[in-house]
Structure formats: structure tokens, C-alpha cells
$ cat coords_34.tsv   # TSV, C-alpha atoms and all ligand atoms
chain	number	residue	atom	x	y	z
U	1354	MET	CA	26.12	49.89	29.72
U	1355	SER	CA	28.00	53.16	30.14
U	1356	SER	CA	27.22	55.10	33.30
U	1357	ASP	CA	27.92	58.59	32.00
U	1358	ARG	CA	25.82	58.65	28.86
U	1359	TYR	CA	22.76	56.82	27.61
U	1360	ALA	CA	23.78	53.66	25.78
U	1361	ILE	CA	22.37	50.22	25.18
U	1362	ASP	CA	24.49	47.32	24.09
U	1363	ASP	CA	22.29	45.98	21.28
U	1364	VAL	CA	19.80	47.51	18.91
U	1365	ALA	CA	16.66	47.43	21.03
U	1366	PHE	CA	13.41	45.98	19.76
U	1367	ILE	CA	11.25	48.85	20.97
U	1368	GLY	CA	8.68	51.03	19.27
U	1369	ARG	CA	6.85	54.31	19.30
U	1370	THR	CA	3.24	55.41	19.33
U	1371	VAL	CA	1.73	57.22	16.37
U	1372	GLU	CA	1.86	60.44	18.40
U	1373	GLU	CA	5.64	60.07	18.77
U	1374	TYR	CA	6.03	59.32	15.05
U	1375	GLU	CA	3.91	62.36	14.15
U	1376	HIS	CA	6.31	64.53	16.12
U	1377	MET	CA	9.55	62.83	15.10
U	1378	PHE	CA	8.66	62.89	11.43
U	1379	ASP	CA	6.67	66.14	11.46
U	1380	LEU	CA	3.96	63.97	10.00
U	1381	ASP	CA	0.35	64.79	9.23
U	1382	LEU	CA	-1.04	61.29	8.87
U	1383	SER	CA	-4.27	62.48	7.27
U	1384	ALA	CA	-2.23	63.74	4.29
U	1385	TRP	CA	-1.27	60.13	3.47
U	1386	GLU	CA	-4.74	58.57	3.54
U	1387	GLY	CA	-5.32	56.35	0.52
U	1388	GLN	CA	-1.57	55.95	0.01
U	1389	SER	CA	1.07	53.40	0.92
U	1390	VAL	CA	3.66	53.93	3.64
U	1391	LEU	CA	6.64	51.80	4.67
U	1392	ASP	CA	8.00	51.86	8.23
U	1393	CYS	CA	11.54	50.45	8.18
U	1394	PRO	CA	12.56	49.41	10.74
U	1395	GLY	CA	9.10	48.99	12.23
U	1396	GLY	CA	10.27	47.49	15.54
U	1397	ALA	CA	7.49	47.44	18.15
U	1398	CYS	CA	5.79	50.52	16.73
U	1399	ALA	CA	2.03	51.06	16.73
U	1400	PHE	CA	2.35	52.96	13.46
U	1401	VAL	CA	1.54	50.18	10.98
U	1402	ALA	CA	-1.43	48.90	13.01
U	1403	GLU	CA	-2.96	52.32	13.48
U	1404	ALA	CA	-2.23	53.70	10.01
U	1405	ASN	CA	-4.09	50.76	8.49
U	1406	THR	CA	-7.18	51.70	10.50
U	1407	ARG	CA	-6.92	55.15	8.92
U	1408	ASP	CA	-7.09	54.08	5.28
U	1409	ILE	CA	-3.32	54.00	4.85
U	1410	ASP	CA	-1.75	50.91	3.30
U	1411	ALA	CA	1.10	50.67	5.82
U	1412	VAL	CA	3.73	47.95	5.87
U	1413	GLY	CA	6.48	47.34	8.42
U	1414	VAL	CA	9.88	45.77	7.84
U	1415	ASP	CA	12.12	44.51	10.60
U	1416	ILE	CA	14.92	42.01	10.92
U	1417	LEU	CA	12.93	40.36	13.75
U	1418	TYR	CA	9.57	39.95	12.00
U	1419	ASP	CA	10.27	36.25	11.56
U	1420	VAL	CA	9.95	35.77	15.34
U	1421	PRO	CA	6.60	34.27	16.46
U	1422	PRO	CA	4.27	36.70	18.30
U	1423	ASP	CA	4.56	35.15	21.79
U	1424	GLU	CA	8.33	35.18	21.67
U	1425	LEU	CA	8.45	38.70	20.25
U	1426	HIS	CA	6.06	39.87	22.97
U	1427	GLU	CA	8.56	38.72	25.60
U	1428	LYS	CA	11.34	40.54	23.78
U	1429	CYS	CA	9.24	43.73	23.68
U	1430	GLU	CA	8.86	43.58	27.46
U	1431	SER	CA	12.49	42.88	28.24
U	1432	ASP	CA	13.87	45.39	25.71
U	1433	VAL	CA	11.68	48.18	27.12
U	1434	ASP	CA	12.98	47.31	30.59
U	1435	THR	CA	16.58	47.42	29.35
U	1436	ALA	CA	16.09	50.65	27.39
U	1437	ILE	CA	14.36	52.35	30.33
U	1438	ALA	CA	17.06	51.20	32.79
U	1439	GLY	CA	19.58	53.01	30.60
U	1440	PHE	CA	18.14	56.37	31.67
U	1441	GLU	CA	19.11	55.88	35.30
U	1442	GLY	CA	21.55	58.58	36.34
U	1443	VAL	CA	21.61	60.26	32.91
U	1444	GLU	CA	18.09	61.76	32.89
U	1445	ASP	CA	19.58	65.27	32.77
U	1446	GLN	CA	21.08	64.50	29.35
U	1447	PHE	CA	17.61	64.56	27.79
U	1448	ILE	CA	15.09	67.30	27.12
U	1449	TRP	CA	11.90	66.66	29.08
U	1450	GLU	CA	9.48	68.44	26.80
U	1451	PHE	CA	7.57	65.81	24.82
U	1452	TYR	CA	7.84	63.29	27.67
U	1453	ASP	CA	7.24	64.37	31.30
U	1454	ASP	CA	9.77	61.97	32.78
U	1455	VAL	CA	11.20	58.45	32.42
U	1456	ALA	CA	7.90	56.90	33.55
U	1457	ASP	CA	6.19	58.73	30.71
U	1458	VAL	CA	8.72	57.34	28.21
U	1459	ARG	CA	7.95	53.85	29.51
U	1460	ALA	CA	4.20	54.53	29.22
U	1461	HIS	CA	4.57	55.57	25.56
U	1462	TRP	CA	6.83	52.64	24.59
U	1463	THR	CA	4.61	50.16	26.43
U	1464	ALA	CA	1.46	51.46	24.76
U	1465	ALA	CA	3.25	51.21	21.41
U	1466	TYR	CA	4.34	47.60	21.79
U	1467	GLN	CA	0.96	46.50	23.13
U	1468	GLU	CA	-0.79	47.91	20.07
U	1469	PHE	CA	1.91	46.48	17.82
U	1470	ILE	CA	1.90	42.97	19.25
U	1471	ALA	CA	-1.89	42.64	19.04
U	1472	ASP	CA	-1.81	43.48	15.34
U	1473	TYR	CA	1.34	41.42	14.73
U	1474	ALA	CA	-0.28	38.37	16.35
U	1475	ASP	CA	-3.32	38.78	14.08
U	1476	ARG	CA	-1.25	39.32	10.96
U	1477	PHE	CA	1.90	37.27	11.46
U	1478	ASP	CA	2.79	35.65	8.14
U	1479	THR	CA	0.91	38.24	6.11
U	1480	ASP	CA	2.53	40.86	3.93
U	1481	ARG	CA	1.86	43.60	6.52
U	1482	TYR	CA	4.91	42.69	8.65
U	1483	VAL	CA	7.83	41.74	6.45
U	1484	ASP	CA	10.92	40.00	7.73
U	1485	ALA	CA	13.77	41.70	5.87
U	1486	GLN	CA	17.00	43.46	6.55
U	1487	LEU	CA	18.43	46.75	5.44
U	1488	PRO	CA	20.14	47.44	3.12
U	1489	ASP	CA	18.13	44.95	1.00
U	1490	LEU	CA	14.37	45.30	0.76
U	1491	PRO	CA	12.14	42.81	-1.07
U	1492	PHE	CA	10.06	45.44	-2.87
U	1493	GLU	CA	9.83	46.77	-6.41
U	1494	ASP	CA	11.03	50.29	-7.17
U	1495	ASP	CA	8.53	53.02	-6.14
U	1496	SER	CA	6.42	50.64	-4.03
U	1497	PHE	CA	5.53	53.15	-1.30
U	1498	SER	CA	4.50	56.81	-1.45
U	1499	LEU	CA	6.25	57.54	1.83
U	1500	VAL	CA	9.07	55.68	3.58
U	1501	LEU	CA	9.83	56.32	7.26
U	1502	SER	CA	12.96	55.22	9.07
U	1503	ALA	CA	13.52	56.02	12.74
U	1504	ASN	CA	16.02	55.12	15.38
U	1505	LEU	CA	18.35	52.77	13.52
U	1506	MET	CA	20.64	54.59	11.10
U	1507	PHE	CA	22.69	57.37	12.65
U	1508	LEU	CA	21.45	56.62	16.20
U	1509	TYR	CA	23.51	53.42	16.29
U	1510	MET	CA	26.29	54.89	14.15
U	1511	GLU	CA	29.05	52.87	15.84
U	1512	LYS	CA	27.35	49.57	15.01
U	1513	PHE	CA	26.88	50.24	11.29
U	1514	ASP	CA	29.59	51.36	8.89
U	1515	TYR	CA	29.38	54.13	6.31
U	1516	GLU	CA	28.54	51.67	3.51
U	1517	PHE	CA	25.53	50.41	5.49
U	1518	HIS	CA	24.23	53.95	5.83
U	1519	GLU	CA	24.82	54.77	2.15
U	1520	GLN	CA	23.29	51.55	0.82
U	1521	SER	CA	20.34	51.75	3.21
U	1522	LEU	CA	19.44	55.32	2.24
U	1523	LEU	CA	19.68	54.47	-1.46
U	1524	GLU	CA	17.52	51.38	-0.87
U	1525	LEU	CA	14.86	53.32	1.05
U	1526	ALA	CA	14.82	55.91	-1.76
U	1527	ARG	CA	14.55	53.18	-4.40
U	1528	VAL	CA	11.34	51.75	-2.91
U	1529	ALA	CA	9.78	55.21	-2.38
U	1530	SER	CA	7.82	57.05	-5.03
U	1531	ASP	CA	7.44	60.40	-3.22
U	1532	GLU	CA	9.70	60.80	-0.21
U	1533	VAL	CA	11.77	59.29	2.56
U	1534	ARG	CA	12.06	60.71	6.08
U	1535	VAL	CA	14.81	59.62	8.47
U	1536	TYR	CA	15.09	60.62	12.13
U	1537	PRO	CA	17.18	61.19	14.20
U	1538	LEU	CA	20.48	62.13	12.56
U	1539	GLU	CA	22.36	61.88	15.87
U	1540	ARG	CA	23.33	59.19	18.33
U	1541	PHE	CA	21.99	59.29	21.89
U	1542	ASP	CA	24.47	61.90	23.10
U	1543	GLY	CA	23.50	64.34	20.37
U	1544	LYS	CA	26.54	63.81	18.15
U	1545	ARG	CA	25.43	64.19	14.54
U	1546	TYR	CA	26.49	61.57	11.99
U	1547	PRO	CA	29.83	62.97	10.83
U	1548	ARG	CA	29.49	61.94	7.16
U	1549	LEU	CA	25.94	63.18	6.59
U	1550	ASP	CA	27.05	65.72	3.98
U	1551	GLU	CA	28.86	62.98	2.06
U	1552	LEU	CA	25.71	60.84	2.11
U	1553	ARG	CA	23.67	63.76	0.80
U	1554	GLU	CA	26.17	64.22	-2.04
U	1555	VAL	CA	25.83	60.55	-2.99
U	1556	LEU	CA	22.04	60.89	-2.98
U	1557	ALA	CA	22.33	64.04	-5.12
U	1558	ASP	CA	24.57	62.19	-7.60
U	1559	GLU	CA	21.82	59.58	-7.90
U	1560	GLY	CA	19.29	62.32	-8.66
U	1561	TYR	CA	17.66	62.68	-5.24
U	1562	GLU	CA	17.18	66.09	-3.66
U	1563	THR	CA	17.58	66.16	0.11
U	1564	GLU	CA	16.80	68.64	2.84
U	1565	LEU	CA	17.18	68.87	6.60
U	1566	ARG	CA	13.81	69.80	8.05
U	1567	PRO	CA	13.06	70.91	11.64
U	1568	VAL	CA	10.84	68.60	13.67
U	1569	PRO	CA	8.51	69.49	16.58
U	1570	PHE	CA	9.99	66.76	18.79
U	1571	ARG	CA	12.46	67.33	21.62
U	1572	PHE	CA	14.13	64.51	23.52
U	1573	GLN	CA	17.74	63.89	22.53
U	1574	HIS	CA	19.88	66.97	22.59
U	1575	GLY	CA	20.64	68.21	19.10
U	1576	ALA	CA	18.09	65.92	17.43
U	1577	GLU	CA	15.96	68.71	16.02
U	1578	GLU	CA	15.97	67.86	12.31
U	1579	LEU	CA	15.04	65.00	10.03
U	1580	LEU	CA	16.57	64.08	6.68
U	1581	ARG	CA	14.04	64.27	3.88
U	1582	ILE	CA	14.82	62.65	0.55
U	1583	GLU	CA	12.67	63.75	-2.32
U	1584	VAL	CA	12.23	61.05	-4.91
U	1601	LIG	C1	15.31	51.08	18.16
U	1601	LIG	S1	14.26	50.13	17.14
U	1601	LIG	C2	13.43	51.39	16.25
U	1601	LIG	C3	12.05	50.97	15.84
U	1601	LIG	C4	11.15	52.11	15.39
U	1601	LIG	N1	11.50	52.62	14.08
U	1601	LIG	C5	11.12	53.23	16.42
U	1601	LIG	O1	11.49	54.35	16.10
U	1601	LIG	O2	10.74	52.97	17.54
U	1601	LIG	C6	15.44	49.50	15.95
U	1601	LIG	C7	14.88	48.32	15.15
U	1601	LIG	O3	15.75	48.03	14.07
U	1601	LIG	C8	15.68	46.64	13.83
U	1601	LIG	N2	16.86	46.31	12.99
U	1601	LIG	C9	18.14	46.19	13.36
U	1601	LIG	N3	18.93	46.01	12.27
U	1601	LIG	C10	18.10	46.02	11.19
U	1601	LIG	C11	18.30	45.90	9.77
U	1601	LIG	N4	19.53	45.75	9.25
U	1601	LIG	N5	17.24	45.97	8.97
U	1601	LIG	C12	15.98	46.14	9.48
U	1601	LIG	N6	15.73	46.26	10.81
U	1601	LIG	C13	16.78	46.21	11.64
U	1601	LIG	C14	15.64	46.04	15.22
U	1601	LIG	O4	15.13	44.74	15.23
U	1601	LIG	C15	14.73	47.04	15.94
U	1601	LIG	O5	13.40	46.64	15.90

$ encode --input "coords_34.tsv" --output "C-alpha cells" --more "lines below"
Ligand SMILES: C[S@@+](CC[C@H](N)C(=O)[O-])C[C@H]1O[C@@H](n2cnc3c(N)ncnc32)[C@H](O)[C@@H]1O
Amino acid sequence: MSSDRYAIDDVAFIGRTVEEYEHMFDLDLSAWEGQSVLDCPGGACAFVAEANTRDIDAVGVDILYDVPPDELHEKCESDVDTAIAGFEGVEDQFIWEFYDDVADVRAHWTAAYQEFIADYADRFDTDRYVDAQLPDLPFEDDSFSLVLSANLMFLYMEKFDYEFHEQSLLELARVASDEVRVYPLERFDGKRYPRLDELREVLADEGYETELRPVPFRFQHGAEELLRIEV
């Protein structure tokens, strides 16, 4: 763990509340009622559980959705601890607008994983939580109206090469019928993915229009826009 900027060694299995997702993705959930939404990676997010209670056919994909609920619950707890410990000494590198302080971040991420794990335990081995791995998704073309992807691509840019980013965006677009939203476009220190324009050109060559859209969420410096892919 670096001491001068926020960093965690592995991709954390953590998750966000619906409120966080609504801000990160500039999302009006009521607009998607009666439709299907994919959250990839879903991690320990409350999104899939809660969206399904709101007449949205929501599905989550994560590389760890083969892990039994009890074991995954333990990982949720330890990964939140690790992710929260990473803020020590670098709190001033974040914008404390959506969250009050580090304790508030913990409260949100804990609430998210508790809601997630209850639903996951009830629905383990159903088609609501799908064990799969970007850049290959086990879905037909146009399976979901909306596809959301937060806090994997771009954020962990050093862990994944350019090809992973390109193939993953094309895959997310393939399984979407309306649109894809990806957030953030920066790593923790606010550095934007350097080859974003190149990725947008590839998407354009494949017939997808893209735009960078402002979001009403402030936490990481510079992370003020999402990538929207229109399908
Ligand atoms: C930081 S969490 C983000 C979860 C959620 N989207 C959020 O914003 O809170 C990153 C997630 O990506 C998952 N993951 C890592 N590599 C993956 C891959 N190749 N395909 C799908 N999920 C992956 C991890 O298991 C972890 O749950």
C-alpha cells in the first residue's frame, strides 16, 4: 500500500448503495422500470437487489459470484476494512462532498454489502448473480436495456492492459440494447485513462456513438464525467 496516494493492492470486492450508483451514473432509476439492467462488475453492490424490488429486471456479473455466500460475506467485511484503511493519511486527496468523512464512506459500503449479501444468499445459483469475467459475457446480443460498469475499468488501469479495456467496452456494448454507462474514467489519483480517445474511436468504428457526460458525484479528484455508449 502506497503511503502518499490512495491505492489498494488487489481489485477489492466492495460495493455501493443505490444512492451512490444514482450519483455516479447520473441515473434516474424510475426511468428504467419494466426494463432489464446489467451491473458488471456487480461486486458487493446493493443495486441488483434493490432494482429488482422496483420492477427492474437487474442482473449482476462478477468474477467472484461463484463463491458461496458465507465465504463471500467474510470477503466483503475484510475488503471494506482494507479499502477503508487505504484512506489513512491521504484523506485530503478526496473531495468530501457526497461523503462527510471516511466513516461515512464505510457506512455506505457496509450498508451496500449487507443488502447485497442478503439477496445473494437467497439467490445464489440463480441467474440473478452470474459468475463470469470480462471481457467475455455469457449473454446474447442486446440482452439488457442498460449496462452499468463502475470501478473496474480505468480505475485499475495499471492492472488491465489496453486490449482488456477495448474488448470489455465492446462486450458491454454488445449485450446492451440501449446504452452503456461507465464510471469513473480515472484511477484513484484522478489521472484519466490516457487512451480513452482511442477507445472511443474504436467504438465509433464499430458503429457506437459515445459521449462524456457530467455526473453529480464528487469524490475522486477529476472524476466528474462518465462514458456513455449509445447502442
Ligand atoms: C471495486 S469493485 C466494484 C464493484 C461495483 N461496480 C462498485 O462500483 O462498487 C470491482 C469488482 O470487479 C470484480 N472483477 C475483477 N475483475 C473482473 C473481471 N474481469 N470481470 C468481472 N468482474 C471482475 C471484482 O471481483 C470486484 O467485485

$ residues_near_ligand --input "coords_34.tsv" --ligand "ligand LIG 1601 (chain U)" --cutoff "9 Å" --atoms "only C-alpha atoms and all ligand atoms" --output "ChimeraX atom specification"
/U:1363-1370,1373-1374,1377,1392-1399,1414-1418,1462,1465,1484-1490,1501-1506,1508-1509,1513,1517,1521,1536

$ closest_residue --input "coords_34.tsv" --among "U:Val1455, U:Ala1474, U:Ala1436, U:Ala1402" --to "Glu1424 (chain U)" --atoms "all atoms listed in the file"
U:Ala1474

$ closest_residue --input "coords_34.tsv" --among "U:Ala1526, U:Val1433, U:Val1533, U:Leu1382" --to "Glu1559 (chain U)" --atoms "all atoms listed in the file"
U:Ala1526

$ residues_near_point --input "coords_34.tsv" --point "(4.3, 59.2, -1.6)" --cutoff "12 Å" --atoms "only C-alpha atoms" --output "PyMOL selection string"
chain U and resi 1382+1384-1391+1409-1411+1495-1501+1526+1528-1534+1582-1584

$ residues_around --input "coords_34.tsv" --residues "Tyr1359 (chain U)" --least-positions-apart "6" --cutoff "12 Å" --atoms "all atoms listed in the file" --output "VMD selection string"
chain U and resid 1435 to 1447 1508 to 1509 1540 to 1543 1573 to 1574

$ atom_distance --input "coords_34.tsv" --atom1 "CA of Phe1378 (chain U)" --atom2 "CA of Tyr1473 (chain U)"
22.9 Å

$ atom_distance --input "coords_34.tsv" --atom1 "CA of Arg1553 (chain U)" --atom2 "CA of Arg1571 (chain U)"
23.9 Å

$ atom_distance --input "coords_34.tsv" --atom1 "CA of Glu1554 (chain U)" --atom2 "CA of Glu1493 (chain U)"
24.3 Å

$ residues_around --input "coords_34.tsv" --residues "Arg1566 (chain U)" --least-positions-apart "4" --cutoff "10 Å" --atoms "all atoms listed in the file" --output "PyMOL selection string"
chain U and resi 1378-1379+1534+1577-1581

$ closest_residue --input "coords_34.tsv" --among "U:Ser1431, U:Gly1560, U:Phe1451, U:Arg1481" --to "Glu1375 (chain U)" --atoms "only C-alpha atoms"
U:Phe1451

$ closest_residue --input "coords_34.tsv" --among "U:Asp1494, U:Asp1514, U:Glu1430, U:Asp1419" --to "Ala1464 (chain U)" --atoms "only C-alpha atoms"
U:Glu1430

$ closest_residue --input "coords_34.tsv" --among "U:Arg1545, U:Asp1457, U:Gly1575, U:Phe1477" --to "Pro1421 (chain U)" --atoms "all atoms listed in the file"
U:Phe1477

$ closest_residue --input "coords_34.tsv" --among "U:Ala1557, U:Arg1476, U:Phe1570, U:Gly1413" --to "Ile1448 (chain U)" --atoms "all atoms listed in the file"
U:Phe1570

$ axis_aligned_box --input "coords_34.tsv" --around "region 1457-1460 of chain U" --padding-each-side "5 Å" --output "lines of an AutoDock Vina configuration file"
center_x = 6.5
center_y = 56.3
center_z = 29.5
size_x = 14.5
size_y = 14.9
size_z = 12.5

$ decode --input "coords_34.tsv" --residues "region 1555-1570 of chain U" --atoms "N, CA and C atoms" --output "compact mmCIF listing (two decimals), in the first residue's frame"
# COMPACT_ATOMS: atom_id res chain seq x y z
N VAL U 1555 -12.42 3.43 -31.59
CA VAL U 1555 -12.73 2.02 -31.90
C VAL U 1555 -14.24 1.80 -31.82
N LEU U 1556 -14.85 2.33 -30.76
CA LEU U 1556 -16.31 2.18 -30.60
C LEU U 1556 -17.03 2.84 -31.78
N ALA U 1557 -16.55 4.00 -32.19
CA ALA U 1557 -17.18 4.70 -33.34
C ALA U 1557 -17.05 3.86 -34.60
N ASP U 1558 -15.88 3.25 -34.80
CA ASP U 1558 -15.67 2.39 -35.98
C ASP U 1558 -16.64 1.21 -35.99
N GLU U 1559 -17.04 0.78 -34.79
CA GLU U 1559 -17.99 -0.34 -34.69
C GLU U 1559 -19.44 0.16 -34.73
N GLY U 1560 -19.63 1.45 -34.91
CA GLY U 1560 -20.98 2.00 -35.07
C GLY U 1560 -21.61 2.53 -33.81
N TYR U 1561 -20.82 2.65 -32.73
CA TYR U 1561 -21.38 3.15 -31.46
C TYR U 1561 -21.02 4.62 -31.27
N GLU U 1562 -22.02 5.42 -30.99
CA GLU U 1562 -21.75 6.81 -30.61
C GLU U 1562 -21.39 6.86 -29.13
N THR U 1563 -20.46 7.73 -28.77
CA THR U 1563 -20.11 7.86 -27.35
C THR U 1563 -20.15 9.33 -26.95
N GLU U 1564 -20.35 9.55 -25.67
CA GLU U 1564 -20.24 10.91 -25.14
C GLU U 1564 -19.69 10.85 -23.72
N LEU U 1565 -19.06 11.95 -23.30
CA LEU U 1565 -18.65 12.10 -21.92
C LEU U 1565 -19.70 12.99 -21.28
N ARG U 1566 -20.30 12.47 -20.20
CA ARG U 1566 -21.42 13.20 -19.60
C ARG U 1566 -21.10 13.54 -18.14
N PRO U 1567 -21.33 14.79 -17.72
CA PRO U 1567 -21.06 15.16 -16.32
C PRO U 1567 -21.92 14.35 -15.35
N VAL U 1568 -21.36 14.03 -14.19
CA VAL U 1568 -22.13 13.33 -13.17
C VAL U 1568 -22.22 14.19 -11.90
N PRO U 1569 -23.29 14.03 -11.13
CA PRO U 1569 -23.44 14.82 -9.89
C PRO U 1569 -22.82 14.10 -8.69
N PHE U 1570 -21.62 13.55 -8.89
CA PHE U 1570 -20.95 12.81 -7.81
C PHE U 1570 -19.54 13.35 -7.68
